[in-house]
$ cat data_9.cif   # mmCIF, N, CA and C atoms
data_work
#
loop_
_atom_site.label_atom_id
_atom_site.label_comp_id
_atom_site.auth_asym_id
_atom_site.auth_seq_id
_atom_site.Cartn_x
_atom_site.Cartn_y
_atom_site.Cartn_z
N MET Q 1 0.82 -1.19 0.00
CA MET Q 1 0.00 0.00 0.00
C MET Q 1 0.87 1.26 0.00
N ARG Q 2 1.98 1.25 0.75
CA ARG Q 2 2.86 2.41 0.76
C ARG Q 2 3.47 2.64 -0.61
N LYS Q 3 3.80 1.56 -1.30
CA LYS Q 3 4.38 1.69 -2.64
C LYS Q 3 3.37 2.33 -3.59
N ASP Q 4 2.12 1.91 -3.51
CA ASP Q 4 1.08 2.50 -4.35
C ASP Q 4 0.91 3.99 -4.05
N PHE Q 5 0.93 4.33 -2.76
CA PHE Q 5 0.80 5.74 -2.38
C PHE Q 5 1.99 6.54 -2.88
N ARG Q 6 3.20 5.99 -2.72
CA ARG Q 6 4.40 6.68 -3.19
C ARG Q 6 4.34 6.89 -4.70
N ASP Q 7 3.91 5.87 -5.43
CA ASP Q 7 3.80 5.99 -6.88
C ASP Q 7 2.78 7.06 -7.25
N PHE Q 8 1.69 7.11 -6.51
CA PHE Q 8 0.65 8.11 -6.76
C PHE Q 8 1.20 9.52 -6.53
N ILE Q 9 1.90 9.71 -5.42
CA ILE Q 9 2.45 11.03 -5.08
C ILE Q 9 3.51 11.47 -6.07
N LEU Q 10 4.34 10.56 -6.51
CA LEU Q 10 5.46 10.92 -7.36
C LEU Q 10 5.13 10.93 -8.85
N LYS Q 11 3.90 10.66 -9.19
CA LYS Q 11 3.52 10.74 -10.61
C LYS Q 11 3.71 12.17 -11.07
N GLY Q 12 4.13 12.31 -12.31
CA GLY Q 12 4.43 13.63 -12.85
C GLY Q 12 3.29 14.61 -12.80
N ASN Q 13 2.08 14.18 -13.11
CA ASN Q 13 0.95 15.10 -13.16
C ASN Q 13 0.61 15.66 -11.79
N LEU Q 14 0.62 14.83 -10.77
CA LEU Q 14 0.29 15.31 -9.44
C LEU Q 14 1.36 16.27 -8.93
N LEU Q 15 2.61 15.93 -9.15
CA LEU Q 15 3.71 16.79 -8.71
C LEU Q 15 3.67 18.12 -9.45
N GLN Q 16 3.40 18.08 -10.74
CA GLN Q 16 3.30 19.32 -11.52
C GLN Q 16 2.12 20.16 -11.05
N LEU Q 17 1.03 19.51 -10.72
CA LEU Q 17 -0.14 20.24 -10.22
C LEU Q 17 0.17 20.92 -8.89
N ALA Q 18 0.88 20.22 -8.02
CA ALA Q 18 1.25 20.81 -6.72
C ALA Q 18 2.16 22.03 -6.92
N VAL Q 19 3.13 21.90 -7.78
CA VAL Q 19 4.03 23.03 -8.04
C VAL Q 19 3.25 24.19 -8.65
N ALA Q 20 2.35 23.90 -9.58
CA ALA Q 20 1.55 24.95 -10.20
C ALA Q 20 0.66 25.65 -9.17
N PHE Q 21 0.11 24.89 -8.25
CA PHE Q 21 -0.74 25.47 -7.21
C PHE Q 21 0.06 26.41 -6.31
N ILE Q 22 1.23 25.98 -5.89
CA ILE Q 22 2.08 26.80 -5.03
C ILE Q 22 2.53 28.06 -5.76
N MET Q 23 2.92 27.90 -7.03
CA MET Q 23 3.34 29.07 -7.82
C MET Q 23 2.15 30.01 -8.04
N GLY Q 24 0.98 29.46 -8.24
CA GLY Q 24 -0.21 30.29 -8.41
C GLY Q 24 -0.53 31.09 -7.16
N ALA Q 25 -0.38 30.47 -6.00
CA ALA Q 25 -0.63 31.19 -4.75
C ALA Q 25 0.38 32.32 -4.57
N ALA Q 26 1.64 32.04 -4.88
CA ALA Q 26 2.68 33.08 -4.77
C ALA Q 26 2.42 34.20 -5.78
N PHE Q 27 2.03 33.82 -6.99
CA PHE Q 27 1.72 34.80 -8.02
C PHE Q 27 0.54 35.66 -7.59
N GLY Q 28 -0.46 35.03 -6.97
CA GLY Q 28 -1.62 35.77 -6.48
C GLY Q 28 -1.25 36.79 -5.42
N ALA Q 29 -0.33 36.43 -4.54
CA ALA Q 29 0.11 37.37 -3.50
C ALA Q 29 0.84 38.56 -4.12
N VAL Q 30 1.66 38.28 -5.12
CA VAL Q 30 2.40 39.36 -5.79
C VAL Q 30 1.43 40.28 -6.52
N VAL Q 31 0.46 39.70 -7.21
CA VAL Q 31 -0.52 40.51 -7.94
C VAL Q 31 -1.36 41.35 -6.97
N LYS Q 32 -1.75 40.74 -5.87
CA LYS Q 32 -2.55 41.49 -4.88
C LYS Q 32 -1.77 42.67 -4.34
N SER Q 33 -0.51 42.46 -4.04
CA SER Q 33 0.33 43.56 -3.57
C SER Q 33 0.51 44.60 -4.67
N PHE Q 34 0.71 44.15 -5.90
CA PHE Q 34 0.87 45.07 -7.02
C PHE Q 34 -0.36 45.96 -7.17
N ILE Q 35 -1.53 45.36 -7.06
CA ILE Q 35 -2.78 46.12 -7.21
C ILE Q 35 -2.97 47.07 -6.03
N ASN Q 36 -2.91 46.51 -4.82
CA ASN Q 36 -3.22 47.31 -3.63
C ASN Q 36 -2.17 48.37 -3.33
N ASP Q 37 -0.90 48.08 -3.61
CA ASP Q 37 0.16 49.00 -3.21
C ASP Q 37 0.67 49.91 -4.32
N LEU Q 38 0.42 49.55 -5.58
CA LEU Q 38 0.92 50.37 -6.68
C LEU Q 38 -0.19 50.91 -7.58
N ILE Q 39 -1.04 50.05 -8.09
CA ILE Q 39 -2.03 50.47 -9.08
C ILE Q 39 -3.16 51.30 -8.46
N MET Q 40 -3.78 50.79 -7.39
CA MET Q 40 -4.93 51.49 -6.81
C MET Q 40 -4.57 52.86 -6.24
N PRO Q 41 -3.40 53.06 -5.61
CA PRO Q 41 -3.07 54.43 -5.19
C PRO Q 41 -2.94 55.39 -6.38
N ILE Q 42 -2.41 54.91 -7.50
CA ILE Q 42 -2.30 55.76 -8.69
C ILE Q 42 -3.69 56.10 -9.22
N ILE Q 43 -4.56 55.08 -9.32
CA ILE Q 43 -5.92 55.33 -9.79
C ILE Q 43 -6.64 56.26 -8.82
N GLY Q 44 -6.45 56.04 -7.52
CA GLY Q 44 -7.07 56.90 -6.51
C GLY Q 44 -6.61 58.34 -6.63
N LYS Q 45 -5.34 58.55 -6.92
CA LYS Q 45 -4.81 59.90 -7.08
C LYS Q 45 -5.40 60.56 -8.33
N LEU Q 46 -5.55 59.76 -9.41
CA LEU Q 46 -6.10 60.31 -10.65
C LEU Q 46 -7.56 60.71 -10.53
N VAL Q 47 -8.33 60.00 -9.69
CA VAL Q 47 -9.75 60.33 -9.55
C VAL Q 47 -10.04 61.24 -8.37
N GLY Q 48 -9.01 61.85 -7.81
CA GLY Q 48 -9.24 62.85 -6.77
C GLY Q 48 -8.90 62.40 -5.37
N ASN Q 49 -7.72 61.83 -5.20
CA ASN Q 49 -7.21 61.42 -3.88
C ASN Q 49 -8.17 60.49 -3.13
N VAL Q 50 -8.64 59.47 -3.82
CA VAL Q 50 -9.55 58.49 -3.22
C VAL Q 50 -8.75 57.28 -2.78
N ASP Q 51 -8.95 56.86 -1.53
CA ASP Q 51 -8.36 55.62 -1.03
C ASP Q 51 -9.44 54.55 -1.11
N PHE Q 52 -9.30 53.64 -2.08
CA PHE Q 52 -10.34 52.65 -2.33
C PHE Q 52 -10.55 51.70 -1.15
N THR Q 53 -9.52 51.48 -0.35
CA THR Q 53 -9.69 50.56 0.77
C THR Q 53 -10.63 51.14 1.83
N ASN Q 54 -10.83 52.45 1.84
CA ASN Q 54 -11.71 53.07 2.83
C ASN Q 54 -13.09 53.42 2.27
N LEU Q 55 -13.41 52.95 1.10
CA LEU Q 55 -14.74 53.21 0.55
C LEU Q 55 -15.71 52.15 1.06
N TYR Q 56 -16.73 52.60 1.77
CA TYR Q 56 -17.75 51.68 2.27
C TYR Q 56 -19.01 52.46 2.58
N ILE Q 57 -20.10 51.73 2.63
CA ILE Q 57 -21.39 52.31 3.01
C ILE Q 57 -21.75 51.71 4.37
N ASN Q 58 -21.83 52.56 5.35
CA ASN Q 58 -22.11 52.14 6.72
C ASN Q 58 -23.62 51.93 6.88
N LEU Q 59 -24.00 50.72 7.25
CA LEU Q 59 -25.41 50.40 7.44
C LEU Q 59 -25.82 50.36 8.91
N SER Q 60 -24.84 50.52 9.79
CA SER Q 60 -25.12 50.37 11.22
C SER Q 60 -25.60 51.65 11.88
N GLY Q 61 -25.35 52.79 11.26
CA GLY Q 61 -25.78 54.04 11.86
C GLY Q 61 -24.73 54.67 12.74
N GLN Q 62 -23.71 53.95 13.12
CA GLN Q 62 -22.61 54.52 13.91
C GLN Q 62 -21.56 55.08 12.97
N ILE Q 63 -20.73 55.96 13.49
CA ILE Q 63 -19.69 56.57 12.68
C ILE Q 63 -18.35 55.91 13.00
N TYR Q 64 -17.63 55.53 11.95
CA TYR Q 64 -16.30 54.93 12.07
C TYR Q 64 -15.34 55.75 11.23
N GLU Q 65 -14.11 55.84 11.68
CA GLU Q 65 -13.14 56.68 10.96
C GLU Q 65 -12.60 56.01 9.70
N SER Q 66 -12.71 54.71 9.61
CA SER Q 66 -12.23 54.02 8.40
C SER Q 66 -12.98 52.70 8.24
N ALA Q 67 -12.82 52.11 7.05
CA ALA Q 67 -13.43 50.81 6.79
C ALA Q 67 -12.82 49.75 7.69
N THR Q 68 -11.55 49.87 7.98
CA THR Q 68 -10.88 48.91 8.86
C THR Q 68 -11.48 48.96 10.26
N ALA Q 69 -11.74 50.16 10.75
CA ALA Q 69 -12.35 50.31 12.08
C ALA Q 69 -13.76 49.73 12.08
N ALA Q 70 -14.49 49.93 11.01
CA ALA Q 70 -15.85 49.38 10.93
C ALA Q 70 -15.81 47.86 10.89
N ARG Q 71 -14.84 47.29 10.16
CA ARG Q 71 -14.70 45.83 10.12
C ARG Q 71 -14.36 45.27 11.50
N GLU Q 72 -13.42 45.92 12.17
CA GLU Q 72 -13.01 45.45 13.50
C GLU Q 72 -14.16 45.51 14.49
N ALA Q 73 -15.03 46.51 14.34
CA ALA Q 73 -16.17 46.64 15.23
C ALA Q 73 -17.31 45.69 14.84
N GLY Q 74 -17.17 45.06 13.68
CA GLY Q 74 -18.21 44.15 13.21
C GLY Q 74 -19.44 44.86 12.71
N ALA Q 75 -19.26 46.08 12.23
CA ALA Q 75 -20.38 46.88 11.77
C ALA Q 75 -20.93 46.34 10.46
N ALA Q 76 -22.24 46.45 10.32
CA ALA Q 76 -22.86 46.07 9.05
C ALA Q 76 -22.55 47.17 8.04
N ALA Q 77 -21.85 46.79 6.99
CA ALA Q 77 -21.44 47.78 6.00
C ALA Q 77 -21.22 47.09 4.66
N ILE Q 78 -21.28 47.86 3.61
CA ILE Q 78 -20.96 47.38 2.27
C ILE Q 78 -19.60 47.96 1.91
N TYR Q 79 -18.61 47.10 1.80
CA TYR Q 79 -17.24 47.52 1.55
C TYR Q 79 -16.95 47.47 0.05
N TYR Q 80 -17.48 48.44 -0.68
CA TYR Q 80 -17.35 48.40 -2.13
C TYR Q 80 -15.95 48.77 -2.61
N GLY Q 81 -15.17 49.44 -1.80
CA GLY Q 81 -13.78 49.75 -2.17
C GLY Q 81 -12.95 48.47 -2.27
N ALA Q 82 -13.13 47.57 -1.32
CA ALA Q 82 -12.43 46.28 -1.37
C ALA Q 82 -12.89 45.48 -2.58
N PHE Q 83 -14.16 45.59 -2.91
CA PHE Q 83 -14.69 44.90 -4.09
C PHE Q 83 -14.05 45.44 -5.36
N ILE Q 84 -13.90 46.76 -5.45
CA ILE Q 84 -13.25 47.36 -6.62
C ILE Q 84 -11.81 46.85 -6.73
N ASN Q 85 -11.09 46.79 -5.62
CA ASN Q 85 -9.72 46.25 -5.63
C ASN Q 85 -9.71 44.81 -6.13
N THR Q 86 -10.65 44.00 -5.69
CA THR Q 86 -10.72 42.60 -6.09
C THR Q 86 -11.03 42.46 -7.58
N VAL Q 87 -11.92 43.29 -8.08
CA VAL Q 87 -12.26 43.23 -9.51
C VAL Q 87 -11.05 43.64 -10.36
N VAL Q 88 -10.34 44.68 -9.96
CA VAL Q 88 -9.15 45.10 -10.70
C VAL Q 88 -8.09 43.99 -10.65
N THR Q 89 -7.94 43.35 -9.50
CA THR Q 89 -7.00 42.23 -9.39
C THR Q 89 -7.39 41.11 -10.34
N LEU Q 90 -8.65 40.77 -10.38
CA LEU Q 90 -9.13 39.72 -11.28
C LEU Q 90 -8.83 40.07 -12.73
N LEU Q 91 -9.11 41.30 -13.13
CA LEU Q 91 -8.87 41.71 -14.51
C LEU Q 91 -7.39 41.64 -14.88
N ILE Q 92 -6.53 42.05 -13.97
CA ILE Q 92 -5.09 42.00 -14.27
C ILE Q 92 -4.60 40.55 -14.32
N VAL Q 93 -5.05 39.71 -13.40
CA VAL Q 93 -4.66 38.29 -13.43
C VAL Q 93 -5.16 37.65 -14.72
N ALA Q 94 -6.39 37.93 -15.12
CA ALA Q 94 -6.93 37.37 -16.36
C ALA Q 94 -6.12 37.84 -17.56
N LEU Q 95 -5.73 39.10 -17.58
CA LEU Q 95 -4.93 39.61 -18.68
C LEU Q 95 -3.56 38.94 -18.74
N VAL Q 96 -2.91 38.81 -17.59
CA VAL Q 96 -1.60 38.15 -17.54
C VAL Q 96 -1.72 36.69 -17.97
N MET Q 97 -2.74 35.99 -17.48
CA MET Q 97 -2.93 34.59 -17.86
C MET Q 97 -3.22 34.46 -19.35
N PHE Q 98 -3.96 35.39 -19.91
CA PHE Q 98 -4.23 35.37 -21.34
C PHE Q 98 -2.92 35.45 -22.12
N TYR Q 99 -2.05 36.39 -21.73
CA TYR Q 99 -0.78 36.54 -22.44
C TYR Q 99 0.14 35.35 -22.22
N LEU Q 100 0.12 34.75 -21.02
CA LEU Q 100 0.93 33.57 -20.78
C LEU Q 100 0.48 32.39 -21.63
N VAL Q 101 -0.81 32.15 -21.69
CA VAL Q 101 -1.34 31.05 -22.50
C VAL Q 101 -1.08 31.31 -23.98
N ARG Q 102 -1.25 32.54 -24.38
CA ARG Q 102 -1.00 32.91 -25.78
C ARG Q 102 0.46 32.67 -26.16
N ALA Q 103 1.38 33.05 -25.28
CA ALA Q 103 2.81 32.83 -25.54
C ALA Q 103 3.13 31.34 -25.56
N ALA Q 104 2.54 30.57 -24.65
CA ALA Q 104 2.78 29.13 -24.61
C ALA Q 104 2.26 28.45 -25.88
N MET Q 105 1.13 28.89 -26.38
CA MET Q 105 0.58 28.32 -27.60
C MET Q 105 1.46 28.62 -28.80
N ARG Q 106 2.07 29.79 -28.81
CA ARG Q 106 2.97 30.15 -29.91
C ARG Q 106 4.25 29.33 -29.88
N MET Q 107 4.70 28.95 -28.69
CA MET Q 107 5.94 28.18 -28.57
C MET Q 107 5.75 26.72 -28.93
N GLN Q 108 4.53 26.22 -28.85
CA GLN Q 108 4.30 24.83 -29.20
C GLN Q 108 4.43 24.63 -30.69
N LYS Q 109 5.05 23.53 -31.07
CA LYS Q 109 5.18 23.20 -32.48
C LYS Q 109 3.82 22.76 -33.00
N PRO Q 110 3.51 23.14 -34.23
CA PRO Q 110 2.24 22.65 -34.79
C PRO Q 110 2.31 21.14 -34.97
N VAL Q 111 1.19 20.51 -34.74
CA VAL Q 111 1.13 19.06 -34.86
C VAL Q 111 1.16 18.71 -36.34
N GLU Q 112 2.17 17.93 -36.72
CA GLU Q 112 2.27 17.51 -38.10
C GLU Q 112 1.41 16.28 -38.32
N GLU Q 113 0.71 16.29 -39.43
CA GLU Q 113 -0.11 15.13 -39.74
C GLU Q 113 0.79 14.00 -40.20
N ALA Q 114 0.53 12.82 -39.71
CA ALA Q 114 1.32 11.66 -40.09
C ALA Q 114 1.01 11.29 -41.53
N THR Q 115 2.05 10.86 -42.24
CA THR Q 115 1.82 10.44 -43.62
C THR Q 115 1.02 9.15 -43.60
N PRO Q 116 0.02 9.04 -44.46
CA PRO Q 116 -0.83 7.86 -44.42
C PRO Q 116 -0.07 6.59 -44.84
N THR Q 117 -0.39 5.49 -44.18
CA THR Q 117 0.22 4.20 -44.52
C THR Q 117 -0.80 3.25 -45.13
N THR Q 118 -2.05 3.67 -45.14
CA THR Q 118 -3.10 2.83 -45.72
C THR Q 118 -3.98 3.67 -46.62
N LYS Q 119 -4.75 2.97 -47.46
CA LYS Q 119 -5.73 3.61 -48.32
C LYS Q 119 -6.92 2.66 -48.46
N ASP Q 120 -8.02 3.17 -48.98
CA ASP Q 120 -9.20 2.34 -49.21
C ASP Q 120 -9.18 1.85 -50.66
N CYS Q 121 -9.52 0.59 -50.83
CA CYS Q 121 -9.67 0.02 -52.17
C CYS Q 121 -10.89 0.67 -52.81
N PRO Q 122 -10.77 1.24 -54.03
CA PRO Q 122 -11.93 1.90 -54.63
C PRO Q 122 -13.03 0.94 -55.05
N PHE Q 123 -12.74 -0.36 -55.08
CA PHE Q 123 -13.73 -1.34 -55.54
C PHE Q 123 -14.49 -1.96 -54.37
N CYS Q 124 -13.75 -2.43 -53.34
CA CYS Q 124 -14.43 -3.11 -52.23
C CYS Q 124 -14.42 -2.29 -50.94
N MET Q 125 -13.76 -1.14 -50.94
CA MET Q 125 -13.72 -0.19 -49.82
C MET Q 125 -13.08 -0.75 -48.55
N THR Q 126 -12.23 -1.75 -48.66
CA THR Q 126 -11.49 -2.24 -47.50
C THR Q 126 -10.18 -1.47 -47.39
N THR Q 127 -9.63 -1.42 -46.20
CA THR Q 127 -8.39 -0.72 -45.97
C THR Q 127 -7.22 -1.62 -46.34
N ILE Q 128 -6.32 -1.07 -47.18
CA ILE Q 128 -5.16 -1.84 -47.65
C ILE Q 128 -3.92 -0.97 -47.54
N SER Q 129 -2.76 -1.57 -47.71
CA SER Q 129 -1.50 -0.85 -47.66
C SER Q 129 -1.44 0.18 -48.79
N ILE Q 130 -0.81 1.29 -48.53
CA ILE Q 130 -0.71 2.35 -49.53
C ILE Q 130 0.15 1.92 -50.72
N ALA Q 131 1.05 0.97 -50.50
CA ALA Q 131 1.94 0.51 -51.57
C ALA Q 131 1.31 -0.61 -52.40
N ALA Q 132 0.14 -1.08 -52.06
CA ALA Q 132 -0.48 -2.20 -52.78
C ALA Q 132 -0.86 -1.81 -54.20
N VAL Q 133 -0.60 -2.70 -55.14
CA VAL Q 133 -1.01 -2.48 -56.53
C VAL Q 133 -2.19 -3.38 -56.89
N ARG Q 134 -2.49 -4.34 -56.00
CA ARG Q 134 -3.64 -5.22 -56.18
C ARG Q 134 -4.28 -5.41 -54.80
N CYS Q 135 -5.59 -5.34 -54.74
CA CYS Q 135 -6.30 -5.50 -53.48
C CYS Q 135 -6.26 -6.96 -53.05
N PRO Q 136 -5.82 -7.25 -51.81
CA PRO Q 136 -5.77 -8.64 -51.37
C PRO Q 136 -7.16 -9.22 -51.09
N ASN Q 137 -8.16 -8.38 -50.99
CA ASN Q 137 -9.51 -8.85 -50.69
C ASN Q 137 -10.32 -9.16 -51.93
N CYS Q 138 -10.35 -8.20 -52.87
CA CYS Q 138 -11.17 -8.41 -54.07
C CYS Q 138 -10.32 -8.68 -55.31
N THR Q 139 -9.03 -8.67 -55.18
CA THR Q 139 -8.02 -8.92 -56.22
C THR Q 139 -8.10 -7.97 -57.41
N SER Q 140 -8.70 -6.81 -57.21
CA SER Q 140 -8.75 -5.82 -58.26
C SER Q 140 -7.40 -5.15 -58.42
N GLU Q 141 -7.03 -4.81 -59.64
CA GLU Q 141 -5.80 -4.06 -59.88
C GLU Q 141 -6.07 -2.60 -59.57
N LEU Q 142 -5.15 -2.00 -58.80
CA LEU Q 142 -5.37 -0.64 -58.34
C LEU Q 142 -4.63 0.40 -59.16
N GLY Q 143 -3.70 -0.01 -59.95
CA GLY Q 143 -2.88 0.97 -60.68
C GLY Q 143 -1.81 1.52 -59.73
N SER Q 144 -1.07 2.47 -60.16
CA SER Q 144 0.03 2.95 -59.34
C SER Q 144 -0.26 4.17 -58.58
#
$ encode --input "data_9.cif" --output "C-alpha cells"
Amino acid sequence: MRKDFRDFILKGNLLQLAVAFIMGAAFGAVVKSFINDLIMPIIGKLVGNVDFTNLYINLSGQIYESATAAREAGAAAIYYGAFINTVVTLLIVALVMFYLVRAAMRMQKPVEEATPTTKDCPFCMTTISIAAVRCPNCTSELGS
C-alpha cells in the first residue's frame, strides 16, 4: 500500500499540479500587492485622492473613521472599495494569464499530420497498404 501511495504522489501530473498550485498562490500574493500597493493608489490619485480601501457604506448608523475600524467593530457595511480592488486584481490576473497562455501556444510546435500508410480500395472499400497495386480482398488491380 505504501508503494502505491508513493507511486501516486510521485507521478508527474500530481507533482506538476502541486508546483503549479504553489506558484499560483505566490503569483496571487504578488498581484494582490501590485494592485493594492501600486495600481490602486495611482488610480485613486487620478480620480481625486480616493483611497479605495476606505470606501464603504455604513449600514449600522454609527460613525467609524475608516473601513478597517468598521470591520473590526463588526459593523454592518458594504465595503465596495475592497470589491473594486478585487475586480481590478481579477482583470489583471486574467490579462496576464491570457498573455501567458498565448505565448505558450505560440511556442508549441504545430502538430504535423502523419503520412498515411493505408488507403481504401476503390472497388471493395477495405483498408489496404498504400503501396499495394492489387487489393488482397477483391483482387482488383489498383494501378500505381
$ select_by_dssp --input "data_9.cif" --residues "chain Q" --states "strand (DSSP E or B)" --output "VMD selection string"
chain Q and resid 57 to 58 77 to 78 118 to 120 127 to 129 134 141
$ resolve_selection --input "data_9.cif" --expression "the PyMOL selection byres (((chain Q and resi 133 and name CA) around 8) and name CA)" --output "list in words"
Ala131, Ala132, Arg134, Cys135, Glu141, Leu142, Gly143 and Ser144 of chain Q
$ select_by_dssp --input "data_9.cif" --residues "region 36-111 of chain Q" --states "alpha helix (DSSP H)" --output "PyMOL selection string"
chain Q and resi 40-46+67-73+80-107
$ resolve_selection --input "data_9.cif" --expression "the PyMOL selection byres ((chain Q and resi 85-96) around 7)" --output "number ranges by chain"
Q: 31-32, 35-36, 52, 80-84, 97-101
$ resolve_selection --input "data_9.cif" --expression "the PyMOL selection byres ((chain Q and resi 55) around 8)" --output "number ranges by chain"
Q: 50-54, 56-58, 66-68, 78-83
$ atom_distance --input "data_9.cif" --atom1 "atom C of Asn49 (chain Q)" --atom2 "atom C of Ala77 (chain Q)"
20.3 Å
$ residues_near_point --input "data_9.cif" --point "(-24.9, 47.2, 15.5)" --cutoff "6.5 Å" --atoms "all atoms listed in the file" --output "list in words"
Ser60, Ala75 and Ala76 of chain Q
$ write_last_selection --input "data_9.cif" --atoms "N, CA and C atoms" --output "PDB file, in the coordinates of the input"
ATOM      1  N   SER Q  60     -24.840  50.520   9.790  1.00  0.00           N
ATOM      2  CA  SER Q  60     -25.120  50.370  11.220  1.00  0.00           C
ATOM      3  C   SER Q  60     -25.600  51.650  11.880  1.00  0.00           C
ATOM      4  N   ALA Q  75     -19.260  46.080  12.230  1.00  0.00           N
ATOM      5  CA  ALA Q  75     -20.380  46.880  11.770  1.00  0.00           C
ATOM      6  C   ALA Q  75     -20.930  46.340  10.460  1.00  0.00           C
ATOM      7  N   ALA Q  76     -22.240  46.450  10.320  1.00  0.00           N
ATOM      8  CA  ALA Q  76     -22.860  46.070   9.050  1.00  0.00           C
ATOM      9  C   ALA Q  76     -22.550  47.170   8.040  1.00  0.00           C
TER      10      ALA Q  76
END
$ atom_distance --input "data_9.cif" --atom1 "CA of Cys124 (chain Q)" --atom2 "CA of Cys138 (chain Q)"
6.5 Å
$ atom_distance --input "data_9.cif" --atom1 "CA of Met23 (chain Q)" --atom2 "CA of Ala104 (chain Q)"
16.8 Å
